[in-house]
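**Q** Take this structure, written in structure tokens, and hold onto it; I'll ask about it next.
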Protein chains: 2
Amino acid sequence: MKTRISFEEMQETVCRAFIRAGMPEEKAATCARIHTESSRDGVYSHGLNRVERFVEYLEKGWVDPLGEPQLVAAMGSMEVYDGQLGPGILNAISCMNRATEIAAENGMGMVSLRNTTHWMRGGAYGWQAAEKGFISMCWTNTESCMPAWGGRSSAIGNNPFIIGIPRAAGHVVLDMAMSQYSYGKLQVTRLAGQKLPYPGGFDDDGQLTDDPGTIEATRRILPMGYWKGSGFAVMLDLLSALFSGGLTTAGVDRKNLGSCGSCCQVFIAIDPLKINDQAFVDNALSETIQQLRDSVPAAENGSINYPGERSIQTREENMRMGIPVDDGVWAKVKELAGI
Amino acid sequence: MKTRISFEEMQETVCRAFIRAGMPEEKAATCARIHTESSRDGVYSHGLNRVERFVEYLEKGWVDPLGEPQLVAAMGSMEVYDGQLGPGILNAISCMNRATEIAAENGMGMVSLRNTTHWMRGGAYGWQAAEKGFISMCWTNTESCMPAWGGRSSAIGNNPFIIGIPRAAGHVVLDMAMSQYSYGKLQVTRLAGQKLPYPGGFDDDGQLTDDPGTIEATRRILPMGYWKGSGFAVMLDLLSALFSGGLTTAGVDRKNLGSCGSCCQVFIAIDPLKINDQAFVDNALSETIQQLRDSVPAAENGSINYPGERSIQTREENMRMGIPVDDGVWAKVKELAGI
């Protein structure tokens, strides 16, 4: 039985921790909200569990609490910003917001951001755009943390890629990293004494394995779809750097400012109602979701979800019952908050 | 020992077949070039091997040989076209070309296309943009041909997604469908009496299998990365329809005009030199490819390729030695060409 904490208490506690670490109150509150929303939606690895490390990055000077995105270039529907190593969450919110502003005017907007820091849960910005009624795509590059297909040493980033589509009955949001499983998932599975549902990496002999501890030891996590996720990771990295004029994964590795320190991101927003009316959009969404629901389930009583549906279910449960926390993590965050 | 045919002979023969099927000479020549280039690059499934089916679609009236894209809407850097069920290759070339024209002016361009037909090899349009010096992303939706994750009946499209980046020493192009393996790969592997390198679908009991014939029988091909490729396919479908005002996979299913009849596509082009100078672009590409090459290979003497690298290798080999063909397929195309 895990402890459950209310959204408000978690947000307030995280906010205090960030203020104590040197962030101005408003910035701390926004970052605390995003961390708390991530835990609320079930993305624990990038929510409360990440607070301690973010504070550590502030202390090390890897994140500048006062850094804000500076416009570098603008043309047509594109803008490029330098994130000044400011808090990744704030930089990302600002850039996705700007992309939606451009889209509101021109139909679409693309904002690229260089020299930023870890944005935590990438899906946050897909949800953000959807809340404002915009379709979005965004991605980031990262330091190298995964072998490329055919290699055994780390060479590519586990770059997350997000697509969000607004929908009155629940936004449709895909938030996927390029590895089949995150290191967070490996850890949780190992601690529970379980195996992964499908192989998630390689053992020392180069054989695929579903044993999470083995993969944590070899660091040979598996790209999703084998060669496909590996190639996609390379492309997202190149696009991030080329659109923003920033660092590739290789460059981020050289900077060595922790996870994602000095990385680049791309935020694309599109106004669906510039192209279609609401009835068309509603119908496209509902018939697509209906086609999923009409599937014959693979397992008896199995369900087929649309992207983002489980996040919404977890969100409702966690808002009703409180957000589950690891007691040690929660104690540490309270300590950082001076409580 | 397979028969090998020169590029010129294949292109000329395919062109004659298309002219005999009712296409004007110039349109036939362009389509023949793309089919031949696909075979030349090793994408046999969508090259020569697809000629007979394309002719059949022309005969059935599922593809209008004279259909051309009509502008439906334009705003900012976005344009929307209706493909009039014209030849998918010609529509796609035209729209990617238009996207690069807009990008040349505004930095980026996005052209969406509805009511089009099968574009054959999606990568062709990534290579096309790269040849003109543009970064590109493009994708299509399709009829449903793959179970969604958690389902056993077909519900989602095997929608290909392409990213291309120009590079003097060889363009970097990712061309991936959402299934782990194509039906073409399953067939080739079965005919060779082999197993797939990794599981590629489910047997009747819902167990993953690497036996290609079993998967061809159940039609339960596996999305790449399990739930990830399934979710990505859903999003690409929705984006295709919402950006173009066209049909979703569910709508394409209802039309029932063969593979991809009345589908939608999206073409995005970006001019990398509007953001950076050539030296920056060259460096980003070369350091990223170098980081792949510096990997410790998983297998002794193994190599790590960047996306598109094997296509270039196959292209060089096939231009030197001739393009390998299946004798039965080649005989059939010659028959269609009246030779």
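Identifiers in this document derive from the order of the structure tokens: chains are assigned A, B, ..., residues are numbered from 1 separately in each chain, and ligands are numbered from 1 in order of occurrence.
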Counting only C-alpha atoms, give me one row per residue of chain A with an atom at most 6 Å from an atom of chain B, showing the shortest contact pair and its distance in Å to one decimal, sorted by chain then residue number, as a Markdown table.
**A**
| residue | atom | partner | partner_atom | distance |
| --- | --- | --- | --- | --- |
| A:Gly76 | CA | B:Asn106 | CA | 4.9 |
| A:Asn106 | CA | B:Gly76 | CA | 4.9 |
| A:Gly150 | CA | B:Ile304 | CA | 5.3 |
| A:Gly151 | CA | B:Pro297 | CA | 4.2 |
| A:Arg152 | CA | B:Ala298 | CA | 4.8 |
| A:Ser153 | CA | B:Val296 | CA | 5.4 |
| A:Ala155 | CA | B:Leu292 | CA | 6.0 |
| A:Met224 | CA | B:Gly225 | CA | 4.4 |
| A:Gly225 | CA | B:Gly225 | CA | 4.3 |
| A:Gly231 | CA | B:Pro307 | CA | 5.6 |
| A:Leu292 | CA | B:Ala155 | CA | 6.0 |
| A:Ser295 | CA | B:Ser153 | CA | 5.5 |
| A:Val296 | CA | B:Ser153 | CA | 5.4 |
| A:Pro297 | CA | B:Gly151 | CA | 4.2 |
| A:Ala298 | CA | B:Gly151 | CA | 4.6 |
| A:Ile304 | CA | B:Gly150 | CA | 5.3 |
| A:Pro307 | CA | B:Gly231 | CA | 5.6 |
**Q** Can you pull out every residue from range 77-267 of chain B that DSSP, working from the backbone, puts in strand (DSSP E or B), and format the result as an NGL selection string?
**A** :B and (78-82 or 108-116 or 135-140 or 144-147 or 151 or 154-157 or 161-165 or 172-176 or 179 or 201-202 or 208-209 or 221 or 223 or 263-267)
**Q** Print the selection's residues with N, CA and C atoms to a file, as a compact mmCIF listing (two decimals), in the first residue's frame.
**A**
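Final file, again.txt:
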# COMPACT_ATOMS: atom_id res chain seq x y z
N MET B 78 1.21 26.98 -45.42
CA MET B 78 0.45 25.73 -45.62
C MET B 78 -0.38 25.81 -46.90
N GLU B 79 -0.44 24.68 -47.60
CA GLU B 79 -1.38 24.56 -48.71
C GLU B 79 -2.03 23.18 -48.64
N VAL B 80 -3.27 23.11 -49.11
CA VAL B 80 -4.01 21.85 -49.12
C VAL B 80 -4.46 21.57 -50.56
N TYR B 81 -4.25 20.34 -51.00
CA TYR B 81 -4.63 19.94 -52.36
C TYR B 81 -5.57 18.74 -52.33
N ASP B 82 -6.40 18.65 -53.36
CA ASP B 82 -7.20 17.45 -53.61
C ASP B 82 -6.54 16.71 -54.77
N MET B 108 10.01 27.26 -44.36
CA MET B 108 9.36 25.96 -44.31
C MET B 108 8.05 25.99 -45.09
N GLY B 109 7.65 24.82 -45.53
CA GLY B 109 6.38 24.69 -46.23
C GLY B 109 5.73 23.38 -45.86
N MET B 110 4.41 23.40 -45.74
CA MET B 110 3.68 22.16 -45.45
C MET B 110 2.53 22.03 -46.45
N VAL B 111 2.56 20.98 -47.22
CA VAL B 111 1.51 20.73 -48.21
C VAL B 111 0.80 19.44 -47.83
N SER B 112 -0.51 19.53 -47.68
CA SER B 112 -1.31 18.35 -47.36
C SER B 112 -2.15 17.99 -48.58
N LEU B 113 -2.36 16.70 -48.74
CA LEU B 113 -2.97 16.17 -49.96
C LEU B 113 -4.03 15.16 -49.57
N ARG B 114 -5.25 15.36 -50.06
CA ARG B 114 -6.30 14.37 -49.79
C ARG B 114 -6.73 13.74 -51.10
N ASN B 115 -7.48 12.67 -50.96
CA ASN B 115 -8.09 12.04 -52.13
C ASN B 115 -7.02 11.66 -53.16
N THR B 116 -5.94 11.07 -52.65
CA THR B 116 -4.89 10.62 -53.56
C THR B 116 -4.85 9.09 -53.56
N ILE B 135 15.43 19.63 -46.12
CA ILE B 135 15.01 18.65 -45.12
C ILE B 135 13.52 18.39 -45.34
N SER B 136 13.09 17.18 -45.13
CA SER B 136 11.67 16.88 -45.32
C SER B 136 11.16 15.88 -44.31
N MET B 137 9.87 15.97 -44.07
CA MET B 137 9.13 14.93 -43.36
C MET B 137 7.89 14.68 -44.20
N CYS B 138 7.51 13.42 -44.38
CA CYS B 138 6.24 13.16 -45.04
C CYS B 138 5.69 11.83 -44.56
N TRP B 139 4.39 11.70 -44.68
CA TRP B 139 3.74 10.45 -44.29
C TRP B 139 2.41 10.34 -45.02
N THR B 140 1.85 9.15 -44.97
CA THR B 140 0.57 8.89 -45.59
C THR B 140 -0.27 8.08 -44.63
N SER B 144 -6.88 0.08 -43.36
CA SER B 144 -6.46 -0.68 -42.19
C SER B 144 -5.91 -2.03 -42.63
N CYS B 145 -4.79 -2.43 -42.05
CA CYS B 145 -4.14 -3.68 -42.44
C CYS B 145 -3.33 -4.27 -41.30
N MET B 146 -3.52 -3.73 -40.09
CA MET B 146 -2.72 -4.20 -38.95
C MET B 146 -3.61 -4.08 -37.70
N PRO B 147 -3.55 -5.06 -36.81
CA PRO B 147 -4.29 -4.90 -35.56
C PRO B 147 -3.65 -3.79 -34.71
N GLY B 151 -5.47 -5.63 -29.89
CA GLY B 151 -6.53 -6.19 -30.73
C GLY B 151 -6.00 -7.31 -31.60
N SER B 154 -7.81 -6.41 -37.78
CA SER B 154 -7.18 -5.25 -38.43
C SER B 154 -7.94 -3.96 -38.10
N ALA B 155 -7.24 -2.94 -37.66
CA ALA B 155 -7.91 -1.69 -37.28
C ALA B 155 -7.14 -0.44 -37.67
N ILE B 156 -5.85 -0.56 -37.93
CA ILE B 156 -5.04 0.63 -38.18
C ILE B 156 -4.21 0.46 -39.45
N GLY B 157 -3.75 1.58 -39.98
CA GLY B 157 -2.95 1.55 -41.19
C GLY B 157 -1.49 1.29 -40.88
N PHE B 161 6.33 6.61 -42.58
CA PHE B 161 6.78 7.92 -42.08
C PHE B 161 8.21 8.11 -42.57
N ILE B 162 8.47 9.26 -43.18
CA ILE B 162 9.77 9.48 -43.82
C ILE B 162 10.38 10.80 -43.32
N ILE B 163 11.65 10.76 -43.03
CA ILE B 163 12.41 11.98 -42.75
C ILE B 163 13.64 11.95 -43.64
N GLY B 164 13.90 13.04 -44.34
CA GLY B 164 15.07 13.11 -45.21
C GLY B 164 15.91 14.34 -44.90
N ILE B 165 17.21 14.18 -44.91
CA ILE B 165 18.13 15.30 -44.67
C ILE B 165 19.19 15.27 -45.75
N VAL B 172 20.70 11.49 -45.83
CA VAL B 172 20.30 10.68 -44.68
C VAL B 172 18.77 10.59 -44.72
N VAL B 173 18.26 9.41 -44.96
CA VAL B 173 16.81 9.26 -45.17
C VAL B 173 16.29 8.06 -44.38
N LEU B 174 15.34 8.33 -43.54
CA LEU B 174 14.62 7.28 -42.80
C LEU B 174 13.28 7.05 -43.48
N ASP B 175 12.98 5.82 -43.79
CA ASP B 175 11.71 5.48 -44.45
C ASP B 175 11.17 4.26 -43.72
N MET B 176 10.25 4.48 -42.80
CA MET B 176 9.79 3.34 -42.00
C MET B 176 8.27 3.25 -41.96
N SER B 179 4.67 -1.24 -39.19
CA SER B 179 4.80 -2.65 -38.81
C SER B 179 6.28 -3.00 -38.70
N GLY B 201 4.94 -11.01 -35.59
CA GLY B 201 3.49 -11.06 -35.53
C GLY B 201 3.04 -12.17 -34.60
N PHE B 202 1.74 -12.42 -34.63
CA PHE B 202 1.15 -13.38 -33.70
C PHE B 202 0.61 -14.60 -34.43
N LEU B 208 3.64 -14.48 -29.90
CA LEU B 208 4.54 -13.92 -30.89
C LEU B 208 5.25 -15.05 -31.64
N THR B 209 5.45 -14.85 -32.92
CA THR B 209 6.13 -15.88 -33.70
C THR B 209 7.09 -15.24 -34.71
N ILE B 221 0.10 -8.92 -38.12
CA ILE B 221 1.46 -8.39 -38.12
C ILE B 221 1.65 -7.50 -36.89
N PRO B 223 3.00 -4.32 -34.77
CA PRO B 223 3.49 -2.94 -34.89
C PRO B 223 4.91 -2.85 -34.34
N CYS B 263 -6.55 7.94 -49.99
CA CYS B 263 -5.84 8.25 -48.75
C CYS B 263 -5.35 9.71 -48.74
N CYS B 264 -4.71 10.11 -47.63
CA CYS B 264 -4.19 11.48 -47.48
C CYS B 264 -2.70 11.44 -47.13
N GLN B 265 -2.03 12.52 -47.48
CA GLN B 265 -0.59 12.61 -47.23
C GLN B 265 -0.19 14.01 -46.78
N VAL B 266 0.92 14.07 -46.10
CA VAL B 266 1.45 15.36 -45.62
C VAL B 266 2.91 15.46 -46.04
N PHE B 267 3.29 16.62 -46.56
CA PHE B 267 4.66 16.86 -47.03
C PHE B 267 5.17 18.14 -46.38
**Q** What's the separation between CA of His35 in chain A and CA of Glu131 in chain A, in Å to one decimal place?
**A**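 Interatomic distance, CA of His35 in chain A to CA of Glu131 in chain A: 17.5 Å.
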**Q** Any idea what the distance is between CA of Lys132 in chain B and CA of Ser38 in chain B?
**A** 18.4 Å
**Q** Which residues are close to Asn49 in chain A, i.e. within 10 Å by only C-alpha atoms, leaving aside same-chain residues fewer than 5 positions away? Reply as a list in words.
**A** His35, Thr36, Ser38, Ser39, Val43, Tyr44, Phe54, Gly184, Val325, Asp326, Gly328, Val329, Trp330, Lys332 and Val333 of chain A
**Q** Can you tell me which residues surround range 85-89 of chain A at a distance of at most 7 Å, considering only C-alpha atoms, apart from same-chain residues fewer than 6 positions away, and format the answer as a list in words?
**A**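 The residues that qualify are Cys31, Val63, Asp64, Pro65, Leu66, Gly67, Glu68, Asn115, Thr116, Thr117, His118, Trp119, Met120 and Ser262 of chain A.
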**Q** Would you mind telling me which residue in A:Lys185, A:Lys27, A:Arg20, A:Arg33 lies nearest to Glu56 in chain A when using only C-alpha atoms?
**A**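 Distance minimum relative to Glu56 in chain A lands on A:Arg20.
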**Q** Take CA of Gly42 in chain A and CA of Gly170 in chain A and report the distance between them in Å, one decimal.
**A**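 Value for the CA of Gly42 in chain A-CA of Gly170 in chain A distance: 16.1 Å.
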**Q** From the list A:Val51, A:Ala269, A:Asn301, A:Met10, which residue is nearest Ala129 in chain A when using only C-alpha atoms?
**A**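 Among A:Val51, A:Ala269, A:Asn301, A:Met10, it is A:Ala269 that comes nearest to Ala129 in chain A.
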**Q** Do you know which residues are at most 12 Å from Gly338 in chain B counting only C-alpha atoms, after dropping those on the same chain fewer than 5 positions away, and could you put them as a PyMOL selection string?
**A** chain B and resi 12-21+331-333
